[in-house]
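Peer 1: The structure file upload16.pdb (PDB, C-alpha atoms) is provided below.
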```
ATOM      1  CA  MET A   1      94.357 115.671  76.065  1.00  0.00           C
ATOM      2  CA  ALA A   2      94.917 118.085  78.954  1.00  0.00           C
ATOM      3  CA  LYS A   3      92.236 120.438  77.632  1.00  0.00           C
ATOM      4  CA  LYS A   4      89.809 117.562  77.139  1.00  0.00           C
ATOM      5  CA  PHE A   5      90.413 116.438  80.731  1.00  0.00           C
ATOM      6  CA  ALA A   6      89.941 119.940  82.136  1.00  0.00           C
ATOM      7  CA  GLU A   7      86.677 120.317  80.233  1.00  0.00           C
ATOM      8  CA  LEU A   8      85.484 116.961  81.477  1.00  0.00           C
ATOM      9  CA  GLU A   9      86.419 117.882  85.048  1.00  0.00           C
ATOM     10  CA  ALA A  10      84.624 121.231  84.865  1.00  0.00           C
ATOM     11  CA  ARG A  11      81.368 119.447  83.995  1.00  0.00           C
ATOM     12  CA  MET A  12      81.673 116.985  86.851  1.00  0.00           C
ATOM     13  CA  THR A  13      79.223 116.850  89.749  1.00  0.00           C
ATOM     14  CA  PRO A  14      80.733 116.557  93.238  1.00  0.00           C
ATOM     15  CA  GLU A  15      79.822 112.845  93.117  1.00  0.00           C
ATOM     16  CA  SER A  16      81.608 112.089  89.886  1.00  0.00           C
ATOM     17  CA  ARG A  17      84.545 114.191  91.026  1.00  0.00           C
ATOM     18  CA  ALA A  18      84.765 112.069  94.193  1.00  0.00           C
ATOM     19  CA  ARG A  19      84.762 108.961  91.986  1.00  0.00           C
ATOM     20  CA  ALA A  20      87.505 110.474  89.854  1.00  0.00           C
ATOM     21  CA  GLU A  21      89.515 111.189  92.985  1.00  0.00           C
ATOM     22  CA  SER A  22      89.223 107.601  94.135  1.00  0.00           C
ATOM     23  CA  ILE A  23      90.323 106.490  90.648  1.00  0.00           C
ATOM     24  CA  TYR A  24      93.224 108.907  90.930  1.00  0.00           C
ATOM     25  CA  GLU A  25      94.141 107.488  94.327  1.00  0.00           C
ATOM     26  CA  GLN A  26      94.780 104.071  92.805  1.00  0.00           C
ATOM     27  CA  HIS A  27      97.632 105.542  90.779  1.00  0.00           C
ATOM     28  CA  ILE A  28      99.634 106.567  93.838  1.00  0.00           C
ATOM     29  CA  LYS A  29     102.469 104.169  94.443  1.00  0.00           C
ATOM     30  CA  GLU A  30     102.820 103.075  98.038  1.00  0.00           C
ATOM     31  CA  MET A  31     106.206 102.233  99.520  1.00  0.00           C
ATOM     32  CA  PRO A  32     108.311 102.439 102.658  1.00  0.00           C
ATOM     33  CA  LEU A  33     110.988 105.139 102.979  1.00  0.00           C
ATOM     34  CA  HIS A  34     113.976 102.913 102.150  1.00  0.00           C
ATOM     35  CA  GLU A  35     112.323 101.760  98.895  1.00  0.00           C
ATOM     36  CA  LEU A  36     111.530 105.340  97.959  1.00  0.00           C
ATOM     37  CA  ARG A  37     115.172 106.279  98.576  1.00  0.00           C
ATOM     38  CA  GLN A  38     116.320 103.357  96.407  1.00  0.00           C
ATOM     39  CA  ALA A  39     113.836 104.349  93.686  1.00  0.00           C
ATOM     40  CA  LYS A  40     115.479 107.787  93.705  1.00  0.00           C
ATOM     41  CA  ALA A  41     118.882 106.043  93.356  1.00  0.00           C
ATOM     42  CA  LEU A  42     120.099 107.579  96.623  1.00  0.00           C
ATOM     43  CA  SER A  43     122.278 105.796  99.164  1.00  0.00           C
ATOM     44  CA  GLN A  44     121.946 106.106 102.947  1.00  0.00           C
ATOM     45  CA  ALA A  45     125.400 107.716 102.895  1.00  0.00           C
ATOM     46  CA  THR A  46     124.297 110.437 100.442  1.00  0.00           C
ATOM     47  CA  LEU A  47     121.169 111.188 102.439  1.00  0.00           C
ATOM     48  CA  ALA A  48     123.168 111.231 105.687  1.00  0.00           C
ATOM     49  CA  GLU A  49     125.539 113.791 104.190  1.00  0.00           C
ATOM     50  CA  THR A  50     122.652 116.008 103.006  1.00  0.00           C
ATOM     51  CA  LEU A  51     121.030 115.877 106.442  1.00  0.00           C
ATOM     52  CA  HIS A  52     124.305 116.279 108.381  1.00  0.00           C
ATOM     53  CA  ILE A  53     123.698 113.135 110.377  1.00  0.00           C
ATOM     54  CA  ASN A  54     125.452 109.786 110.276  1.00  0.00           C
ATOM     55  CA  GLN A  55     124.464 106.802 108.180  1.00  0.00           C
ATOM     56  CA  ALA A  56     123.386 104.774 111.222  1.00  0.00           C
ATOM     57  CA  ALA A  57     120.807 107.463 112.008  1.00  0.00           C
ATOM     58  CA  ILE A  58     119.362 107.161 108.487  1.00  0.00           C
ATOM     59  CA  SER A  59     119.232 103.381 108.828  1.00  0.00           C
ATOM     60  CA  LYS A  60     117.463 103.719 112.186  1.00  0.00           C
ATOM     61  CA  MET A  61     115.036 106.324 110.813  1.00  0.00           C
ATOM     62  CA  GLU A  62     114.023 104.035 107.952  1.00  0.00           C
ATOM     63  CA  ARG A  63     113.055 101.317 110.434  1.00  0.00           C
ATOM     64  CA  ARG A  64     110.897 103.541 112.623  1.00  0.00           C
ATOM     65  CA  THR A  65     107.119 103.251 112.562  1.00  0.00           C
ATOM     66  CA  ASP A  66     106.637 106.647 114.194  1.00  0.00           C
ATOM     67  CA  MET A  67     108.575 109.924 114.147  1.00  0.00           C
ATOM     68  CA  TYR A  68     108.132 113.685 114.325  1.00  0.00           C
ATOM     69  CA  ILE A  69     106.565 115.188 111.204  1.00  0.00           C
ATOM     70  CA  SER A  70     109.527 117.575 110.923  1.00  0.00           C
ATOM     71  CA  THR A  71     111.959 114.627 110.887  1.00  0.00           C
ATOM     72  CA  LEU A  72     110.031 112.972 108.078  1.00  0.00           C
ATOM     73  CA  ARG A  73     109.818 116.263 106.164  1.00  0.00           C
ATOM     74  CA  ASN A  74     113.597 116.707 106.368  1.00  0.00           C
ATOM     75  CA  TYR A  75     114.164 113.165 105.095  1.00  0.00           C
ATOM     76  CA  ILE A  76     111.779 113.665 102.149  1.00  0.00           C
ATOM     77  CA  ARG A  77     113.245 117.074 101.317  1.00  0.00           C
ATOM     78  CA  ALA A  78     116.721 115.541 101.290  1.00  0.00           C
ATOM     79  CA  MET A  79     115.430 113.320  98.468  1.00  0.00           C
ATOM     80  CA  GLY A  80     114.085 116.359  96.583  1.00  0.00           C
ATOM     81  CA  GLY A  81     110.441 115.931  97.554  1.00  0.00           C
ATOM     82  CA  GLU A  82     107.830 117.713  99.620  1.00  0.00           C
ATOM     83  CA  LEU A  83     105.820 116.199 102.455  1.00  0.00           C
ATOM     84  CA  GLU A  84     102.043 116.467 102.323  1.00  0.00           C
ATOM     85  CA  ILE A  85      99.745 115.526 105.168  1.00  0.00           C
ATOM     86  CA  ILE A  86      96.290 114.519 104.007  1.00  0.00           C
ATOM     87  CA  ALA A  87      93.217 113.644 106.064  1.00  0.00           C
ATOM     88  CA  THR A  88      90.892 111.390 104.076  1.00  0.00           C
ATOM     89  CA  PHE A  89      87.189 111.297 104.966  1.00  0.00           C
ATOM     90  CA  PRO A  90      84.330 109.438 103.289  1.00  0.00           C
ATOM     91  CA  ASP A  91      83.228 112.762 101.750  1.00  0.00           C
ATOM     92  CA  GLY A  92      86.620 114.044 100.628  1.00  0.00           C
ATOM     93  CA  GLN A  93      90.188 114.930 101.452  1.00  0.00           C
ATOM     94  CA  VAL A  94      91.730 117.845 103.327  1.00  0.00           C
ATOM     95  CA  LYS A  95      95.356 118.892 103.341  1.00  0.00           C
ATOM     96  CA  ILE A  96      96.485 119.710 106.884  1.00  0.00           C
ATOM     97  CA  GLU A  97      98.440 122.938 106.873  1.00  0.00           C
ATOM     98  CA  ASN A  98      99.595 123.199 110.507  1.00  0.00           C
ATOM     99  CA  PHE A  99     102.930 121.623 109.676  1.00  0.00           C
ATOM    100  CA  ALA A 100     103.870 123.487 106.505  1.00  0.00           C
ATOM    101  CA  GLY A 101     107.377 124.198 107.689  1.00  0.00           C
TER
ATOM    102  CA  MET B 102      80.594 109.783  83.314  1.00  0.00           C
ATOM    103  CA  ALA B 103      82.674 107.419  85.475  1.00  0.00           C
ATOM    104  CA  LYS B 104      83.183 105.013  82.565  1.00  0.00           C
ATOM    105  CA  LYS B 105      84.114 107.833  80.218  1.00  0.00           C
ATOM    106  CA  PHE B 106      86.638 109.104  82.756  1.00  0.00           C
ATOM    107  CA  ALA B 107      88.173 105.657  83.308  1.00  0.00           C
ATOM    108  CA  GLU B 108      88.532 105.159  79.544  1.00  0.00           C
ATOM    109  CA  LEU B 109      90.133 108.560  79.195  1.00  0.00           C
ATOM    110  CA  GLU B 110      92.525 107.810  82.028  1.00  0.00           C
ATOM    111  CA  ALA B 111      93.507 104.441  80.577  1.00  0.00           C
ATOM    112  CA  ARG B 112      94.616 106.152  77.381  1.00  0.00           C
ATOM    113  CA  MET B 113      96.717 108.737  79.219  1.00  0.00           C
ATOM    114  CA  THR B 114     100.471 108.921  78.886  1.00  0.00           C
ATOM    115  CA  PRO B 115     102.453 109.307  82.131  1.00  0.00           C
ATOM    116  CA  GLU B 116     102.846 113.008  81.227  1.00  0.00           C
ATOM    117  CA  SER B 117      99.143 113.703  80.814  1.00  0.00           C
ATOM    118  CA  ARG B 118      98.416 111.665  83.910  1.00  0.00           C
ATOM    119  CA  ALA B 119     100.834 113.855  85.885  1.00  0.00           C
ATOM    120  CA  ARG B 120      98.996 116.901  84.538  1.00  0.00           C
ATOM    121  CA  ALA B 121      95.681 115.371  85.565  1.00  0.00           C
ATOM    122  CA  GLU B 122      97.091 114.734  89.031  1.00  0.00           C
ATOM    123  CA  SER B 123      98.131 118.354  89.398  1.00  0.00           C
ATOM    124  CA  ILE B 124      94.619 119.386  88.292  1.00  0.00           C
ATOM    125  CA  TYR B 125      93.231 117.011  90.903  1.00  0.00           C
ATOM    126  CA  GLU B 126      95.483 118.513  93.551  1.00  0.00           C
ATOM    127  CA  GLN B 127      93.824 121.896  93.134  1.00  0.00           C
ATOM    128  CA  HIS B 128      90.577 120.416  94.432  1.00  0.00           C
ATOM    129  CA  ILE B 129      92.011 119.525  97.829  1.00  0.00           C
ATOM    130  CA  LYS B 130      90.947 121.942 100.517  1.00  0.00           C
ATOM    131  CA  GLU B 131      93.745 123.084 102.780  1.00  0.00           C
ATOM    132  CA  MET B 132      93.123 123.963 106.426  1.00  0.00           C
ATOM    133  CA  PRO B 133      94.568 123.794 109.917  1.00  0.00           C
ATOM    134  CA  LEU B 134      93.397 121.117 112.351  1.00  0.00           C
ATOM    135  CA  HIS B 135      91.053 123.351 114.378  1.00  0.00           C
ATOM    136  CA  GLU B 136      89.238 124.465 111.205  1.00  0.00           C
ATOM    137  CA  LEU B 137      88.895 120.883 110.048  1.00  0.00           C
ATOM    138  CA  ARG B 138      87.420 119.983 113.428  1.00  0.00           C
ATOM    139  CA  GLN B 139      84.975 122.879 113.179  1.00  0.00           C
ATOM    140  CA  ALA B 140      84.073 121.841 109.605  1.00  0.00           C
ATOM    141  CA  LYS B 141      83.188 118.416 111.025  1.00  0.00           C
ATOM    142  CA  ALA B 142      81.029 120.163 113.662  1.00  0.00           C
ATOM    143  CA  LEU B 143      83.075 118.666 116.491  1.00  0.00           C
ATOM    144  CA  SER B 144      84.014 120.476 119.691  1.00  0.00           C
ATOM    145  CA  GLN B 145      87.352 120.206 121.504  1.00  0.00           C
ATOM    146  CA  ALA B 146      85.402 118.604 124.373  1.00  0.00           C
ATOM    147  CA  THR B 147      83.977 115.864 122.126  1.00  0.00           C
ATOM    148  CA  LEU B 148      87.374 115.109 120.617  1.00  0.00           C
ATOM    149  CA  ALA B 149      88.985 115.110 124.077  1.00  0.00           C
ATOM    150  CA  GLU B 150      86.440 112.553 125.249  1.00  0.00           C
ATOM    151  CA  THR B 151      87.049 110.305 122.217  1.00  0.00           C
ATOM    152  CA  LEU B 152      90.808 110.453 122.756  1.00  0.00           C
ATOM    153  CA  HIS B 153      90.603 110.088 126.551  1.00  0.00           C
ATOM    154  CA  ILE B 154      92.609 113.250 127.114  1.00  0.00           C
ATOM    155  CA  ASN B 155      91.532 116.609 128.508  1.00  0.00           C
ATOM    156  CA  GLN B 156      90.336 119.560 126.496  1.00  0.00           C
ATOM    157  CA  ALA B 157      93.458 121.621 127.246  1.00  0.00           C
ATOM    158  CA  ALA B 158      95.551 118.923 125.549  1.00  0.00           C
ATOM    159  CA  ILE B 159      93.396 119.190 122.408  1.00  0.00           C
ATOM    160  CA  SER B 160      93.727 122.963 122.452  1.00  0.00           C
ATOM    161  CA  LYS B 161      97.511 122.649 122.839  1.00  0.00           C
ATOM    162  CA  MET B 162      97.718 120.028 120.064  1.00  0.00           C
ATOM    163  CA  GLU B 163      95.864 122.282 117.641  1.00  0.00           C
ATOM    164  CA  ARG B 164      98.450 125.021 118.178  1.00  0.00           C
ATOM    165  CA  ARG B 165     101.491 122.810 117.586  1.00  0.00           C
ATOM    166  CA  THR B 166     103.518 123.077 114.398  1.00  0.00           C
ATOM    167  CA  ASP B 167     105.150 119.685 114.925  1.00  0.00           C
ATOM    168  CA  MET B 168     104.069 116.416 116.541  1.00  0.00           C
ATOM    169  CA  TYR B 169     104.469 112.669 116.298  1.00  0.00           C
ATOM    170  CA  ILE B 170     102.737 111.123 113.291  1.00  0.00           C
ATOM    171  CA  SER B 171     100.877 108.744 115.628  1.00  0.00           C
ATOM    172  CA  THR B 172      99.499 111.722 117.615  1.00  0.00           C
ATOM    173  CA  LEU B 173      98.205 113.334 114.435  1.00  0.00           C
ATOM    174  CA  ARG B 174      96.737 110.026 113.238  1.00  0.00           C
ATOM    175  CA  ASN B 175      94.829 109.602 116.513  1.00  0.00           C
ATOM    176  CA  TYR B 176      93.456 113.139 116.246  1.00  0.00           C
ATOM    177  CA  ILE B 177      92.309 112.592 112.641  1.00  0.00           C
ATOM    178  CA  ARG B 178      90.810 109.191 113.436  1.00  0.00           C
ATOM    179  CA  ALA B 179      88.875 110.747 116.316  1.00  0.00           C
ATOM    180  CA  MET B 180      87.225 112.945 113.663  1.00  0.00           C
ATOM    181  CA  GLY B 181      86.390 109.874 111.538  1.00  0.00           C
ATOM    182  CA  GLY B 182      89.219 110.289 109.028  1.00  0.00           C
ATOM    183  CA  GLU B 183      92.383 108.501 107.992  1.00  0.00           C
ATOM    184  CA  LEU B 184      95.845 110.042 107.856  1.00  0.00           C
ATOM    185  CA  GLU B 185      97.812 109.766 104.623  1.00  0.00           C
ATOM    186  CA  ILE B 186     101.456 110.719 104.280  1.00  0.00           C
ATOM    187  CA  ILE B 187     102.389 111.692 100.742  1.00  0.00           C
ATOM    188  CA  ALA B 188     105.791 112.581  99.303  1.00  0.00           C
ATOM    189  CA  THR B 189     105.403 114.785  96.242  1.00  0.00           C
ATOM    190  CA  PHE B 190     108.179 114.879  93.641  1.00  0.00           C
ATOM    191  CA  PRO B 191     108.327 116.696  90.315  1.00  0.00           C
ATOM    192  CA  ASP B 192     107.692 113.343  88.578  1.00  0.00           C
ATOM    193  CA  GLY B 193     104.896 112.057  90.798  1.00  0.00           C
ATOM    194  CA  GLN B 194     103.610 111.205  94.245  1.00  0.00           C
ATOM    195  CA  VAL B 195     104.337 108.334  96.591  1.00  0.00           C
ATOM    196  CA  LYS B 196     102.360 107.297  99.640  1.00  0.00           C
ATOM    197  CA  ILE B 197     104.692 106.523 102.535  1.00  0.00           C
ATOM    198  CA  GLU B 198     103.607 103.292 104.182  1.00  0.00           C
ATOM    199  CA  ASN B 199     106.018 103.086 107.153  1.00  0.00           C
ATOM    200  CA  PHE B 200     103.481 104.668 109.458  1.00  0.00           C
ATOM    201  CA  ALA B 201     100.323 102.774 108.505  1.00  0.00           C
ATOM    202  CA  GLY B 202      99.400 102.045 112.126  1.00  0.00           C
TER
END
```
Translate this structure into structure tokens?
Peer 2:
Amino acid sequence: MAKKFAELEARMTPESRARAESIYEQHIKEMPLHELRQAKALSQATLAETLHINQAAISKMERRTDMYISTLRNYIRAMGGELEIIATFPDGQVKIENFAG
Amino acid sequence: MAKKFAELEARMTPESRARAESIYEQHIKEMPLHELRQAKALSQATLAETLHINQAAISKMERRTDMYISTLRNYIRAMGGELEIIATFPDGQVKIENFAG
């Protein structure tokens, strides 16, 4: 199956690849930070310990609608993930690399 | 081609879908903000005007390695794009929706 997919992809025009990408996009689950943490079966207390901050700070962080990129990266890394910053344009996507910390 | 791809995708197991996603990932261009701006044929002056800030602030922003998510979103929107925050884990990706502003 993987080989078949790779072959199919290699034959794609930029247009069909863009369509494939938008199909792909629909598979990405979307959720707020606290749900993601719960999906990873992690408590606020566990995350607080990993980040060397207190549980109230985690609780506060999860309710914020804006924060420093580095703060978000630390939170996601504490869950075992990596943060990626993507700029989506009508003609494609670009990964922003300024913040690869 | 789009139909064929959709059919193929529908038959995929979570494992082969994850493989497909990592293949997809390789297509994403990676660049710093100032290169993205240049790729969009926009000057610092134009972006400064759109954001109602001065050109020095744009120049400074492009050299930062950390900033508020809202600041980055405004910069990307001024170029006609949308910011997406993705957390990537070994078993998949999740779009973080806390910051959808």
Peer 1: Which is closest to Lys95 of chain A among B:Lys141, B:Ala146, B:Gln156, B:Leu184, if we use all atoms listed in the file?
Peer 2: B:Leu184
Peer 1: May I ask which of the residues A:Ala87, A:Gln38, A:Ser70, A:Arg77 is the closest one to Phe99 of chain A, counting all atoms listed in the file?
Peer 2: A:Ser70
Peer 1: Take the PyMOL selection byres ((chain A and resi 44) around 8), run it mentally on this structure, and tell me the resulting residues as a ChimeraX atom specification.
Peer 2: /A:42-43,45-48,55,58-59
Peer 1: Using the chain letters and residue numbers of this document, give as a PyMOL selection string the residues selected by the PyMOL selection byres ((chain A and resi 66) around 8).
Peer 2: (chain A and resi 64-65+67-68) or (chain B and resi 169-171+199-200)
Peer 1: Could you save the residues just selected, with C-alpha atoms, as a PDB file, in the frame of the given file?
Peer 2:
```pdb
ATOM      1  CA  ARG A  64     110.897 103.541 112.623  1.00  0.00           C
ATOM      2  CA  THR A  65     107.119 103.251 112.562  1.00  0.00           C
ATOM      3  CA  MET A  67     108.575 109.924 114.147  1.00  0.00           C
ATOM      4  CA  TYR A  68     108.132 113.685 114.325  1.00  0.00           C
TER       5      TYR A  68
ATOM      6  CA  TYR B 169     104.469 112.669 116.298  1.00  0.00           C
ATOM      7  CA  ILE B 170     102.737 111.123 113.291  1.00  0.00           C
ATOM      8  CA  SER B 171     100.877 108.744 115.628  1.00  0.00           C
ATOM      9  CA  ASN B 199     106.018 103.086 107.153  1.00  0.00           C
ATOM     10  CA  PHE B 200     103.481 104.668 109.458  1.00  0.00           C
TER      11      PHE B 200
END
```
Peer 1: Given all atoms listed in the file as the basis, pick out the residue of A:Ala100, A:Thr88, A:Glu82, A:Ala41 nearest to Lys130 of chain B.
Peer 2: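 Of A:Ala100, A:Thr88, A:Glu82, A:Ala41, the one nearest Lys130 of chain B is A:Thr88, counting all atoms listed in the file.
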Peer 1: Just the number, please: distance in Å from atom CA of Pro32 of chain A to atom CA of Tyr75 of chain A, one decimal.
Peer 2: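 About the pair atom CA of Pro32 of chain A and atom CA of Tyr75 of chain A: they are 12.5 Å apart.
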Peer 1: What separation in Å, quoted to one decimal, exists between atom CA of Leu152 of chain B and atom CA of Asn175 of chain B?
Peer 2: 7.5 Å
Peer 1: Distance atom CA of Ile53 of chain A-atom CA of Leu36 of chain A, one decimal place?
Peer 2: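 Going from atom CA of Ile53 of chain A over to atom CA of Leu36 of chain A covers 19.1 Å.
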Peer 1: Run through the PyMOL selection byres ((chain A and resi 85) around 6) on the given coordinates and return the selected residues as a list in words.
Peer 2: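 Selection result, ordered by chain and number: Glu84, Ile86, Lys95 and Ile96 of chain A; Ile186 of chain B.
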Peer 1: Select, from B:Thr172, B:Phe190, B:Arg164, B:Asn155, the residue with the minimum atom-to-atom distance to His135 of chain B, counting all atoms listed in the file.
Peer 2: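 Closest to His135 of chain B, using all atoms listed in the file: B:Arg164.
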Peer 1: Return the single residue from A:Met79, A:Ala39, A:Leu72, A:Ile28 that is closest to chain B, with distances computed using only C-alpha atoms.
Peer 2: A:Ile28
Peer 1: Out of B:Ala157, B:Met132, B:Ala179, B:Met162, which residue has the shortest atom-to-atom distance to chain A when counting all atoms listed in the file?
Peer 2: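 Closest candidate: B:Met132.
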